[in-house]
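run_20.pdb follows (PDB, C-alpha atoms):
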ATOM      1  CA  MET A  27       0.000   0.000   0.000
ATOM      2  CA  ARG A  28       2.842   2.363   0.725
ATOM      3  CA  ALA A  29       4.374   1.851  -2.699
ATOM      4  CA  GLN A  30       0.982   2.254  -4.333
ATOM      5  CA  SER A  31       0.235   5.570  -2.649
ATOM      6  CA  ASN A  32       3.729   6.759  -3.473
ATOM      7  CA  VAL A  33       3.002   6.446  -7.173
ATOM      8  CA  ILE A  34      -0.445   7.954  -7.000
ATOM      9  CA  GLY A  35       0.735  10.799  -4.857
ATOM     10  CA  GLY A  36       3.947  12.800  -5.153
ATOM     11  CA  ASN A  37       5.592  10.649  -7.798
ATOM     12  CA  ALA A  38       2.599  10.999 -10.127
ATOM     13  CA  VAL A  39       3.036  14.774 -10.260
ATOM     14  CA  THR A  40       6.726  14.486 -11.067
ATOM     15  CA  GLY A  41       6.012  11.704 -13.546
ATOM     16  CA  THR A  42       3.491  13.857 -15.381
ATOM     17  CA  ALA A  43       5.939  16.750 -15.544
ATOM     18  CA  LEU A  44       8.688  14.517 -16.920
ATOM     19  CA  GLY A  45       6.244  13.000 -19.394
ATOM     20  CA  ALA A  46       5.198  16.463 -20.549
ATOM     21  CA  LEU A  47       8.854  17.353 -21.123
ATOM     22  CA  GLY A  48       9.242  14.223 -23.235
ATOM     23  CA  VAL A  49       6.115  15.050 -25.251
ATOM     24  CA  LEU A  50       7.431  18.559 -25.864
ATOM     25  CA  ALA A  51      10.601  17.026 -27.288
ATOM     26  CA  PHE A  52       8.663  14.509 -29.394
ATOM     27  CA  SER A  53       6.234  17.099 -30.760
ATOM     28  CA  LEU A  54       8.867  18.310 -33.213
ATOM     29  CA  SER A  55       9.783  14.801 -34.379
ATOM     30  CA  LEU A  56       7.380  14.611 -37.322
ATOM     31  CA  PRO A  57       8.214  18.098 -38.685
ATOM     32  CA  ALA A  58      11.923  17.332 -38.230
ATOM     33  CA  THR A  59      11.522  13.987 -40.007
ATOM     34  CA  ARG A  60       9.636  15.651 -42.836
ATOM     35  CA  ALA A  61      12.444  18.187 -43.211
ATOM     36  CA  ALA A  62      15.115  15.474 -43.150
ATOM     37  CA  VAL A  63      13.562  13.088 -45.682
ATOM     38  CA  ALA A  64      13.056  15.949 -48.134
ATOM     39  CA  ASP A  65      16.766  15.580 -49.021
ATOM     40  CA  LEU A  66      18.024  12.541 -47.118
ATOM     41  CA  ASP A  67      17.251   8.887 -47.768
ATOM     42  CA  PRO A  68      14.464   7.750 -45.377
ATOM     43  CA  TRP A  69      16.451   4.661 -44.379
ATOM     44  CA  PHE A  70      19.458   6.835 -43.573
ATOM     45  CA  THR A  71      17.208   9.202 -41.618
ATOM     46  CA  ALA A  72      15.662   6.356 -39.623
ATOM     47  CA  PHE A  73      18.827   4.455 -38.751
ATOM     48  CA  GLY A  74      21.443   7.204 -38.897
ATOM     49  CA  ARG A  75      19.814   9.077 -36.032
ATOM     50  CA  ALA A  76      19.812   5.863 -33.992
ATOM     51  CA  VAL A  77      23.544   5.458 -34.635
ATOM     52  CA  GLY A  78      24.241   9.023 -33.491
ATOM     53  CA  ALA A  79      22.086   8.555 -30.401
ATOM     54  CA  GLY A  80      23.785   5.203 -29.765
ATOM     55  CA  LEU A  81      27.178   6.887 -29.671
ATOM     56  CA  LEU A  82      25.805   9.393 -27.154
ATOM     57  CA  ALA A  83      24.518   6.434 -25.128
ATOM     58  CA  LEU A  84      27.958   4.803 -25.087
ATOM     59  CA  VAL A  85      29.493   8.015 -23.747
ATOM     60  CA  TYR A  86      26.788   8.399 -21.098
ATOM     61  CA  LEU A  87      27.009   4.828 -19.827
ATOM     62  CA  GLY A  88      30.795   5.010 -19.827
ATOM     63  CA  ILE A  89      30.770   8.138 -17.684
ATOM     64  CA  ARG A  90      28.167   6.708 -15.285
ATOM     65  CA  ARG A  91      29.820   3.228 -15.199
ATOM     66  CA  ALA A  92      26.390   1.665 -15.585
ATOM     67  CA  SER A  93      25.937  -2.003 -14.737
ATOM     68  CA  ARG A  94      25.087  -4.456 -17.506
ATOM     69  CA  PRO A  95      21.419  -5.489 -17.737
ATOM     70  CA  THR A  96      20.277  -8.879 -16.488
ATOM     71  CA  LYS A  97      19.070 -11.578 -18.876
ATOM     72  CA  GLU A  98      15.430 -10.604 -18.282
ATOM     73  CA  GLN A  99      16.236  -6.932 -18.809
ATOM     74  CA  TRP A 100      17.984  -7.734 -22.108
ATOM     75  CA  ARG A 101      14.835  -9.490 -23.250
ATOM     76  CA  ARG A 102      12.698  -6.460 -22.506
ATOM     77  CA  LEU A 103      15.309  -4.129 -24.010
ATOM     78  CA  THR A 104      15.004  -6.075 -27.261
ATOM     79  CA  VAL A 105      11.314  -5.126 -27.396
ATOM     80  CA  VAL A 106      12.166  -1.490 -26.603
ATOM     81  CA  ALA A 107      14.766  -1.403 -29.375
ATOM     82  CA  LEU A 108      12.370  -2.992 -31.857
ATOM     83  CA  GLY A 109       9.654  -0.474 -31.028
ATOM     84  CA  VAL A 110      11.279   2.923 -30.517
ATOM     85  CA  VAL A 111      14.785   2.587 -31.974
ATOM     86  CA  VAL A 112      13.952   0.686 -35.180
ATOM     87  CA  GLY A 113      10.199   0.459 -35.804
ATOM     88  CA  PHE A 114       8.877   3.963 -35.177
ATOM     89  CA  PRO A 115      11.743   5.862 -36.865
ATOM     90  CA  LEU A 116      11.734   3.591 -39.924
ATOM     91  CA  PHE A 117       7.998   3.535 -40.596
ATOM     92  CA  THR A 118       7.511   7.259 -39.970
ATOM     93  CA  SER A 119      10.460   8.120 -42.212
ATOM     94  CA  LEU A 120       9.014   6.014 -45.030
ATOM     95  CA  ALA A 121       5.512   7.420 -44.588
ATOM     96  CA  LEU A 122       6.586  11.054 -44.462
ATOM     97  CA  THR A 123       8.264  10.833 -47.849
ATOM     98  CA  VAL A 124       4.743  11.136 -49.306
ATOM     99  CA  GLN A 125       2.655  12.475 -46.422
ATOM    100  CA  PRO A 126       2.933  15.856 -44.673
ATOM    101  CA  ALA A 127       3.889  15.932 -41.011
ATOM    102  CA  ALA A 128       0.487  17.355 -40.060
ATOM    103  CA  HIS A 129      -1.236  14.305 -41.538
ATOM    104  CA  GLY A 130       1.026  12.054 -39.497
ATOM    105  CA  ALA A 131      -0.398  13.726 -36.395
ATOM    106  CA  ILE A 132      -3.761  12.091 -37.136
ATOM    107  CA  VAL A 133      -2.409   8.590 -36.662
ATOM    108  CA  VAL A 134      -0.023   9.534 -33.846
ATOM    109  CA  ALA A 135      -3.097  10.679 -31.899
ATOM    110  CA  LEU A 136      -3.842   6.985 -31.382
ATOM    111  CA  LEU A 137      -0.568   6.436 -29.520
ATOM    112  CA  PRO A 138      -1.769   7.278 -25.975
ATOM    113  CA  GLY A 139      -4.612   4.773 -26.221
ATOM    114  CA  ILE A 140      -2.344   2.059 -27.629
ATOM    115  CA  THR A 141       0.227   2.762 -24.910
ATOM    116  CA  ALA A 142      -2.487   2.377 -22.257
ATOM    117  CA  VAL A 143      -3.505  -1.005 -23.698
ATOM    118  CA  PHE A 144       0.093  -2.241 -23.611
ATOM    119  CA  ALA A 145       0.408  -0.877 -20.061
ATOM    120  CA  VAL A 146      -2.336  -3.303 -19.071
ATOM    121  CA  LEU A 147      -0.876  -6.211 -21.054
ATOM    122  CA  ARG A 148       2.821  -5.696 -20.281
ATOM    123  CA  GLY A 149       2.964  -3.428 -17.221
ATOM    124  CA  ARG A 150       0.223  -5.026 -15.079
ATOM    125  CA  GLU A 151      -1.549  -1.698 -14.694
ATOM    126  CA  HIS A 152      -5.330  -1.517 -14.346
ATOM    127  CA  PRO A 153      -6.718   1.986 -14.981
ATOM    128  CA  PRO A 154     -10.312   2.587 -13.808
ATOM    129  CA  VAL A 155     -13.331   3.335 -16.003
ATOM    130  CA  LEU A 156     -12.915   7.097 -15.514
ATOM    131  CA  PHE A 157      -9.438   6.868 -16.992
ATOM    132  CA  TRP A 158     -10.603   5.012 -20.103
ATOM    133  CA  ALA A 159     -13.509   7.405 -20.577
ATOM    134  CA  ALA A 160     -11.309  10.505 -20.356
ATOM    135  CA  ALA A 161      -8.633   8.964 -22.571
ATOM    136  CA  GLY A 162     -11.227   7.940 -25.149
ATOM    137  CA  VAL A 163     -12.738  11.407 -25.297
ATOM    138  CA  GLY A 164      -9.270  12.889 -25.683
ATOM    139  CA  VAL A 165      -8.334  10.553 -28.552
ATOM    140  CA  VAL A 166     -11.626  11.165 -30.383
ATOM    141  CA  THR A 167     -11.255  14.937 -29.922
ATOM    142  CA  VAL A 168      -7.737  15.019 -31.316
ATOM    143  CA  LEU A 169      -8.541  12.630 -34.171
ATOM    144  CA  GLY A 170     -11.584  14.671 -35.149
ATOM    145  CA  PHE A 171      -9.725  17.952 -35.072
ATOM    146  CA  THR A 172      -6.673  16.769 -36.985
ATOM    147  CA  ALA A 173      -8.830  14.926 -39.543
ATOM    148  CA  LEU A 174     -10.699  18.152 -40.290
ATOM    149  CA  ARG A 175      -7.472  20.136 -40.458
ATOM    150  CA  THR A 176      -5.590  17.779 -42.785
ATOM    151  CA  THR A 177      -6.357  15.530 -45.736
ATOM    152  CA  PRO A 178      -4.280  12.717 -47.237
ATOM    153  CA  THR A 179      -2.305  13.891 -50.243
ATOM    154  CA  GLY A 180      -0.149  12.347 -52.884
ATOM    155  CA  THR A 181      -0.041   8.893 -54.389
ATOM    156  CA  GLY A 182       0.683   5.942 -52.192
ATOM    157  CA  SER A 183      -1.120   7.485 -49.215
ATOM    158  CA  SER A 184      -2.679   4.125 -48.306
ATOM    159  CA  TRP A 185       0.665   2.387 -47.754
ATOM    160  CA  ALA A 186       1.927   5.501 -45.989
ATOM    161  CA  ASP A 187      -0.983   5.359 -43.535
ATOM    162  CA  LEU A 188      -0.307   1.661 -42.961
ATOM    163  CA  SER A 189       3.302   2.571 -42.209
ATOM    164  CA  LEU A 190       2.147   5.167 -39.693
ATOM    165  CA  PHE A 191      -0.164   2.649 -38.008
ATOM    166  CA  ALA A 192       2.712   0.148 -37.779
ATOM    167  CA  ALA A 193       4.923   2.887 -36.310
ATOM    168  CA  VAL A 194       2.366   3.751 -33.639
ATOM    169  CA  LEU A 195       1.729   0.104 -32.732
ATOM    170  CA  LEU A 196       5.428  -0.653 -32.287
ATOM    171  CA  CYS A 197       6.018   2.624 -30.463
ATOM    172  CA  GLY A 198       3.237   1.937 -27.942
ATOM    173  CA  LEU A 199       4.768  -1.462 -27.215
ATOM    174  CA  GLY A 200       8.224   0.083 -26.843
ATOM    175  CA  TYR A 201       6.862   2.750 -24.500
ATOM    176  CA  ALA A 202       5.226   0.178 -22.235
ATOM    177  CA  GLU A 203       8.282  -2.102 -22.066
ATOM    178  CA  GLY A 204      10.613   0.834 -21.511
ATOM    179  CA  GLY A 205       8.369   2.207 -18.783
ATOM    180  CA  VAL A 206       8.516  -1.116 -16.949
ATOM    181  CA  LEU A 207      12.310  -1.256 -17.221
ATOM    182  CA  ALA A 208      12.736   2.344 -16.123
ATOM    183  CA  ARG A 209      11.129   1.507 -12.776
ATOM    184  CA  THR A 210      14.387  -0.189 -11.781
ATOM    185  CA  MET A 211      16.958   0.912 -14.397
ATOM    186  CA  GLY A 212      16.022   4.587 -14.747
ATOM    187  CA  GLY A 213      14.924   6.407 -17.881
ATOM    188  CA  ALA A 214      18.373   7.357 -19.174
ATOM    189  CA  VAL A 215      19.910   3.905 -18.678
ATOM    190  CA  THR A 216      16.923   2.201 -20.307
ATOM    191  CA  ILE A 217      17.071   4.133 -23.575
ATOM    192  CA  CYS A 218      20.878   3.979 -23.614
ATOM    193  CA  TRP A 219      21.013   0.187 -23.448
ATOM    194  CA  ALA A 220      18.233  -0.097 -26.047
ATOM    195  CA  LEU A 221      20.198   2.136 -28.429
ATOM    196  CA  ILE A 222      23.396   0.157 -27.852
ATOM    197  CA  LEU A 223      21.598  -3.167 -28.314
ATOM    198  CA  ALA A 224      20.372  -2.005 -31.728
ATOM    199  CA  LEU A 225      23.691  -0.412 -32.721
ATOM    200  CA  PRO A 226      25.015  -3.295 -34.902
ATOM    201  CA  LEU A 227      21.779  -3.313 -36.926
ATOM    202  CA  THR A 228      21.402   0.458 -37.153
ATOM    203  CA  THR A 229      25.056   0.913 -38.132
ATOM    204  CA  ALA A 230      24.851  -1.675 -40.917
ATOM    205  CA  ALA A 231      21.604  -0.190 -42.229
ATOM    206  CA  THR A 232      23.057   3.337 -42.125
ATOM    207  CA  VAL A 233      26.146   2.329 -44.099
ATOM    208  CA  ALA A 234      23.991   0.522 -46.670
ATOM    209  CA  ALA A 235      21.744   3.572 -47.037
ATOM    210  CA  MET A 236      24.743   5.864 -47.488
ATOM    211  CA  LEU A 237      26.187   3.626 -50.198
ATOM    212  CA  HIS A 238      22.840   3.482 -51.971
ATOM    213  CA  ARG A 239      22.223   7.228 -51.793
ATOM    214  CA  PRO A 240      25.136   9.309 -50.469
ATOM    215  CA  PRO A 241      23.892  12.285 -48.418
ATOM    216  CA  VAL A 242      26.000  14.818 -50.304
ATOM    217  CA  ASP A 243      23.370  17.228 -51.622
ATOM    218  CA  ALA A 244      21.259  17.636 -48.483
ATOM    219  CA  THR A 245      20.365  21.180 -47.448
ATOM    220  CA  PRO A 246      21.204  22.651 -44.016
ATOM    221  CA  ARG A 247      17.469  22.425 -43.212
ATOM    222  CA  ALA A 248      17.531  18.666 -43.745
ATOM    223  CA  TRP A 249      20.643  18.250 -41.590
ATOM    224  CA  LEU A 250      19.103  20.420 -38.876
ATOM    225  CA  GLY A 251      16.065  18.141 -38.814
ATOM    226  CA  PHE A 252      18.325  15.094 -38.714
ATOM    227  CA  GLY A 253      20.351  16.570 -35.851
ATOM    228  CA  TYR A 254      17.207  17.261 -33.839
ATOM    229  CA  LEU A 255      15.995  13.695 -34.368
ATOM    230  CA  THR A 256      19.362  12.324 -33.237
ATOM    231  CA  VAL A 257      19.981  14.360 -30.092
ATOM    232  CA  VAL A 258      16.496  15.274 -28.872
ATOM    233  CA  SER A 259      13.917  12.864 -30.319
ATOM    234  CA  MET A 260      16.033   9.721 -30.022
ATOM    235  CA  PHE A 261      17.967  10.467 -26.835
ATOM    236  CA  LEU A 262      17.118  13.383 -24.536
ATOM    237  CA  GLY A 263      13.364  13.121 -25.041
ATOM    238  CA  PHE A 264      13.370   9.453 -24.061
ATOM    239  CA  VAL A 265      15.378  10.128 -20.905
ATOM    240  CA  ALA A 266      12.546  12.305 -19.602
ATOM    241  CA  TRP A 267       9.766  10.191 -21.113
ATOM    242  CA  TYR A 268      10.763   6.840 -19.619
ATOM    243  CA  ALA A 269      11.473   8.384 -16.239
ATOM    244  CA  GLY A 270       7.983   9.911 -16.340
ATOM    245  CA  LEU A 271       6.326   6.614 -17.298
ATOM    246  CA  ALA A 272       8.130   4.818 -14.475
ATOM    247  CA  ARG A 273       7.206   7.369 -11.826
ATOM    248  CA  GLY A 274       3.617   8.194 -12.718
ATOM    249  CA  GLY A 275       2.426   4.997 -14.387
ATOM    250  CA  ILE A 276       2.649   4.014 -18.031
ATOM    251  CA  ALA A 277      -1.058   4.314 -18.833
ATOM    252  CA  ARG A 278      -1.579   7.577 -16.955
ATOM    253  CA  VAL A 279       1.497   9.510 -18.057
ATOM    254  CA  GLY A 280       1.087   8.115 -21.567
ATOM    255  CA  GLN A 281      -2.084  10.191 -21.910
ATOM    256  CA  VAL A 282      -0.041  13.390 -21.752
ATOM    257  CA  GLN A 283       0.850  12.562 -25.336
ATOM    258  CA  LEU A 284      -2.695  13.505 -26.339
ATOM    259  CA  ALA A 285      -1.291  17.027 -26.571
ATOM    260  CA  GLN A 286       1.420  16.044 -29.064
ATOM    261  CA  PRO A 287      -0.631  16.400 -32.291
ATOM    262  CA  LEU A 288      -1.780  19.850 -31.200
ATOM    263  CA  LEU A 289       1.777  20.839 -30.333
ATOM    264  CA  THR A 290       2.866  19.623 -33.771
ATOM    265  CA  LEU A 291       0.319  21.951 -35.363
ATOM    266  CA  LEU A 292       1.508  24.774 -33.109
ATOM    267  CA  TRP A 293       5.098  24.252 -34.240
ATOM    268  CA  SER A 294       3.854  24.313 -37.825
ATOM    269  CA  ALA A 295       2.297  27.708 -37.169
ATOM    270  CA  LEU A 296       5.373  29.130 -35.440
ATOM    271  CA  LEU A 297       8.004  27.670 -37.743
ATOM    272  CA  LEU A 298       6.152  27.386 -41.048
ATOM    273  CA  GLY A 299       3.744  30.299 -40.775
ATOM    274  CA  GLU A 300       0.543  28.237 -40.816
ATOM    275  CA  HIS A 301      -2.590  29.850 -39.397
ATOM    276  CA  VAL A 302      -4.013  28.433 -36.147
ATOM    277  CA  THR A 303      -7.751  29.067 -35.716
ATOM    278  CA  TRP A 304      -9.820  29.470 -32.583
ATOM    279  CA  HIS A 305     -10.951  25.877 -33.093
ATOM    280  CA  ALA A 306      -7.405  24.766 -32.311
ATOM    281  CA  ALA A 307      -7.437  26.734 -29.054
ATOM    282  CA  ALA A 308     -10.791  25.196 -28.086
ATOM    283  CA  VAL A 309      -9.539  21.681 -28.830
ATOM    284  CA  ALA A 310      -6.376  22.364 -26.849
ATOM    285  CA  VAL A 311      -8.441  23.283 -23.786
ATOM    286  CA  ALA A 312     -10.616  20.172 -24.200
ATOM    287  CA  VAL A 313      -7.587  17.896 -24.542
ATOM    288  CA  LEU A 314      -5.916  19.420 -21.501
ATOM    289  CA  ALA A 315      -9.107  18.748 -19.530
ATOM    290  CA  CYS A 316      -9.019  15.102 -20.646
ATOM    291  CA  VAL A 317      -5.361  14.820 -19.669
ATOM    292  CA  ALA A 318      -6.138  16.318 -16.251
ATOM    293  CA  ALA A 319      -8.932  13.770 -15.768
ATOM    294  CA  THR A 320      -6.614  10.848 -16.579
ATOM    295  CA  GLN A 321      -4.073  12.161 -14.071
ATOM    296  CA  ARG A 322      -6.700  12.285 -11.311
ATOM    297  CA  ALA A 323      -7.977   8.759 -11.944
ATOM    298  CA  LYS A 324      -6.459   6.410  -9.377
ATOM    299  CA  SER A 325      -4.973   3.301 -10.968
ATOM    300  CA  THR A 326      -4.318  -0.098  -9.463
ATOM    301  CA  GLY A 327      -1.549  -2.518 -10.363
ATOM    302  CA  ALA A 328       2.190  -2.191 -10.696
ATOM    303  CA  ALA A 329       3.827   0.595  -8.746
ATOM    304  CA  VAL A 330       7.300   1.969  -8.222
ATOM    305  CA  PRO A 331       8.696   0.782  -4.886
ATOM    306  CA  PRO A 332      10.343   3.591  -2.920
ATOM    307  CA  GLU A 333      13.655   1.739  -2.867
ATOM    308  CA  THR A 334      13.743   1.544  -6.690
ATOM    309  CA  ASP A 335      12.616   5.076  -7.454
ATOM    310  CA  PRO A 336      14.172   5.940 -10.827
ATOM    311  CA  ALA A 337      14.676   9.616 -10.027
ATOM    312  CA  PRO A 338      18.455   9.571 -10.572
ATOM    313  CA  ALA A 339      17.944   7.570 -13.799
ATOM    314  CA  LEU A 340      21.267   5.873 -13.069
ATOM    315  CA  THR A 341      22.502   2.411 -12.236
ATOM    316  CA  SER A 342      26.128   2.349 -11.136
ATOM    317  CA  ARG A 343      28.652  -0.283 -10.398
TER     318      ARG A 343
END

For this file, write the structure as structure tokens.
Amino acid sequence: MRAQSNVIGGNAVTGTALGALGVLAFSLSLPATRAAVADLDPWFTAFGRAVGAGLLALVYLGIRRASRPTKEQWRRLTVVALGVVVGFPLFTSLALTVQPAAHGAIVVALLPGITAVFAVLRGREHPPVLFWAAAGVGVVTVLGFTALRTTPTGTGSSWADLSLFAAVLLCGLGYAEGGVLARTMGGAVTICWALILALPLTTAATVAAMLHRPPVDATPRAWLGFGYLTVVSMFLGFVAWYAGLARGGIARVGQVQLAQPLLTLLWSALLLGEHVTWHAAAVAVAVLACVAATQRAKSTGAAVPPETDPAPALTSR
């Protein structure tokens, strides 16, 4: 009971704040990917950023002298790597070669709900009816708004949407597994080991992509997007995100991502000069209300024991 109240109480607030920081970092991922794949090969964009982030992970773990994962942790890290290091970057990069970033926000709006389902299946969490109701209203609100704001364009949009759905499915699974691991390993250590585990594959794929289509004519805008994906989307954002999922609960904190499609549209307005109507402001308020309701719903199930609080996000020898 003590561990349970710890998660529902003080840790939940901190977990939500960390999750919100992660969502803020992720909200620029689709626009950055769109900018990168305009000049860079999508396979290079997907795997090259993972290689760069993997090198950062090696430096971090070397400085912290982090302990090696156990056999069970390696198994879960394989799922994390498959979902967030390989699956999501690859399928979004392929899809955004023909779809605008704003359209990708439609499908990404499903991610909080999918994450909550995997939290039940993989994280032994059991959100109450109020949680599911608030989360459902939030997903429907965001889907409705983004569907009205954007329309599929270009040929091959059907396979691009399938790619986006695959990306979201794998990402939700990777979020849930990473959130479970971060309860004991910490957010930073979790994403670092996942990046390192995938490094042989991502390095080989990056080299192959460079040989197929050398990135010699890419514009500074494309490289800026690639750099953001490498440092922020693939590394720093996950440090905050996994720590937040571990502290506040995977299902609950995962709902903070309901705001990500709206933030993506906001970035489009600020960076690309797109007009944001009053409807967007109204939807933003409604989504924030849904997020607040999910944070107030008391969950039952797995909790973070006080002795394994992942606040330092470090595991040292």

Requested in this report: Expand the PyMOL selection byres ((chain A and resi 275-277) around 7) into the individual residues it matches in the shown file, reporting them as an MDAnalysis selection string.
Outcome: chainID A and resid 141:142 145 202 205 271:274 278:281

Query raised in the report: Do you have the atom CA of Leu291 of chain A-atom CA of Ala61 of chain A distance handy?
Result: 14.9 Å

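Distances here use all atoms listed in the file; by that measure, the residue among A:Pro241, A:Gly139, A:Thr210, A:Ala107 closest to Gly80 of chain A is A:Ala107.
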
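Shortest atom-to-atom contact with Ala186 of chain A among A:Gly88, A:Gly48, A:Pro126, A:Pro95: A:Pro126, counting all atoms listed in the file.
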
Once you count all atoms listed in the file, which residues end up no further than 10 Å from (7.8, 10.3, -45.2) in the file's frame, shown as an mmCIF file with C-alpha atoms, in the frame of the given file?
data_model
loop_
_atom_site.group_PDB
_atom_site.id
_atom_site.type_symbol
_atom_site.label_atom_id
_atom_site.label_comp_id
_atom_site.auth_asym_id
_atom_site.auth_seq_id
_atom_site.Cartn_x
_atom_site.Cartn_y
_atom_site.Cartn_z
ATOM 1 C CA LEU A 56 7.380 14.611 -37.322
ATOM 2 C CA THR A 59 11.522 13.987 -40.007
ATOM 3 C CA ARG A 60 9.636 15.651 -42.836
ATOM 4 C CA ALA A 61 12.444 18.187 -43.211
ATOM 5 C CA ALA A 62 15.115 15.474 -43.150
ATOM 6 C CA VAL A 63 13.562 13.088 -45.682
ATOM 7 C CA ALA A 64 13.056 15.949 -48.134
ATOM 8 C CA ASP A 67 17.251 8.887 -47.768
ATOM 9 C CA PRO A 68 14.464 7.750 -45.377
ATOM 10 C CA LEU A 116 11.734 3.591 -39.924
ATOM 11 C CA PHE A 117 7.998 3.535 -40.596
ATOM 12 C CA THR A 118 7.511 7.259 -39.970
ATOM 13 C CA SER A 119 10.460 8.120 -42.212
ATOM 14 C CA LEU A 120 9.014 6.014 -45.030
ATOM 15 C CA ALA A 121 5.512 7.420 -44.588
ATOM 16 C CA LEU A 122 6.586 11.054 -44.462
ATOM 17 C CA THR A 123 8.264 10.833 -47.849
ATOM 18 C CA VAL A 124 4.743 11.136 -49.306
ATOM 19 C CA GLN A 125 2.655 12.475 -46.422
ATOM 20 C CA PRO A 126 2.933 15.856 -44.673
ATOM 21 C CA ALA A 127 3.889 15.932 -41.011
ATOM 22 C CA GLY A 130 1.026 12.054 -39.497
ATOM 23 C CA ALA A 186 1.927 5.501 -45.989
ATOM 24 C CA SER A 189 3.302 2.571 -42.209
ATOM 25 C CA LEU A 190 2.147 5.167 -39.693
#
